[in-house]
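Below is one structure, written out as structure tokens; comments come after it.
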Amino acid sequence: MKAIIINVASATDRMTFMAQQMAALGLSYERLEAVTPDVQIGTPSPGYWDTWERPLKETEKACFLSHVMAWKLVEARGEPALILEDDVLLSRATPQLLEACSKLSGADHMTFEVRKRKKIVAKQGSQLTGTHRMLRLYQDRSGAAAYVLWPSGAAKLLRRAQAQAALADAMICKAYELNSFQIEPASAVQLDRTTDYGVTARQATQSIIGAGTPARQSKNLSFRLRRISAQLRMGLRALRYFADTERREISLSPDDFDASRRGGQA
């Protein structure tokens, strides 16, 4: 399975880091040049960027459009791909996990990532490899740095993206029509979260999105109503699957990452 790495042209150090990591893991990849706020960002319809739960920063718009481009590639090619942002550390188990994912049927989306946020997952999972299992994911909260997307999932996300703008990870999280799964132990963590999991990363990073101009504040009633609606939907979903799920953090094994670095993989 091929990886698609979303990378801003000016972030050459990040791309060097990712290229070295891909080579060490033996993964094939292509670089997808990310949209940046300094380019003309077109909109499908008037008011499109005001369809989220709050005003979006220019960097958030650019990140969203970059993921949309990746989704279009997956749909057009008719095969799943590992979509990566350029500041994610992968575990040494990633190649085996991707091989196992390539044999799955019925999945739309599989996240490899954790970000110290509790998720709602099935109490029972199924073994994906000898060391990792897959859990049905009912509610994620954040993170779009490392996920496998199947063409069926890409089509569902693109339908959403036609009607509404969003934070890239938030759109994935709220797309309940996706057959989504979670890898455990997690096989990816963004560099800004490595210390939270006891993983020492050689590459330091700061969020490009976070560094952008703060979003303008708005008291628009439409934004408020969308936020309330989203919270209600999450609550109802949690209640619907309460008997078969649990809300918890997903485990991650630091040794999976430390060992890969000792072998020169990151």
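Chain lettering (A, B, ...) mirrors the order of the structure tokens, residue numbering begins at 1 for each chain separately, and ligand numbering begins at 1 in order of display.
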
Counting only C-alpha atoms, what is within 10 Å of Ala165 in chain A, bar same-chain residues fewer than 2 positions away, as a ChimeraX atom specification? /A:43-44,47-53,56,60-61,64-65,160-163,167-168,170-171

Selection near Ala107 in chain A, 9 Å with only C-alpha atoms, sequence-local residues under 5 positions removed, as a PDB file with C-alpha atoms, in the first residue's frame:
```pdb
ATOM      1  CA  CYS A 101      -5.100  -3.586   5.883  1.00  0.00           C
ATOM      2  CA  LEU A 149      -8.537   5.551   3.573  1.00  0.00           C
ATOM      3  CA  TRP A 150     -10.351   3.227   1.193  1.00  0.00           C
ATOM      4  CA  SER A 152     -15.474   3.932  -0.377  1.00  0.00           C
ATOM      5  CA  GLY A 153     -14.450   6.144   2.536  1.00  0.00           C
ATOM      6  CA  LEU A 178     -17.767   5.792   7.705  1.00  0.00           C
ATOM      7  CA  ASN A 179     -16.934   2.247   8.750  1.00  0.00           C
ATOM      8  CA  SER A 180     -14.040   3.460  10.881  1.00  0.00           C
ATOM      9  CA  PHE A 181     -11.513   1.465  12.874  1.00  0.00           C
TER      10      PHE A 181
END
```

Let me make sure I understand: among A:Leu128, A:Ala62, A:Ile120, A:Ile250, which one has the smallest atom-to-atom distance to Thr36 in chain A if we use only C-alpha atoms?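 With only C-alpha atoms as the atom set, the closest residue is A:Ala62.
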
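Taking only range 141-206 of chain A, the residues that DSSP calls helix (DSSP H, G or I) from the backbone come to Pro151, Ser152, Gly153, Ala154, Ala155, Lys156, Leu157, Leu158, Arg159, Arg160, Ala161, Gln162, Ala163, Ala168, Asp169, Ala170, Met171, Ile172, Cys173, Lys174, Leu191, Asp192, Arg193, Thr194, Thr195, Asp196 and Tyr197 of chain A.
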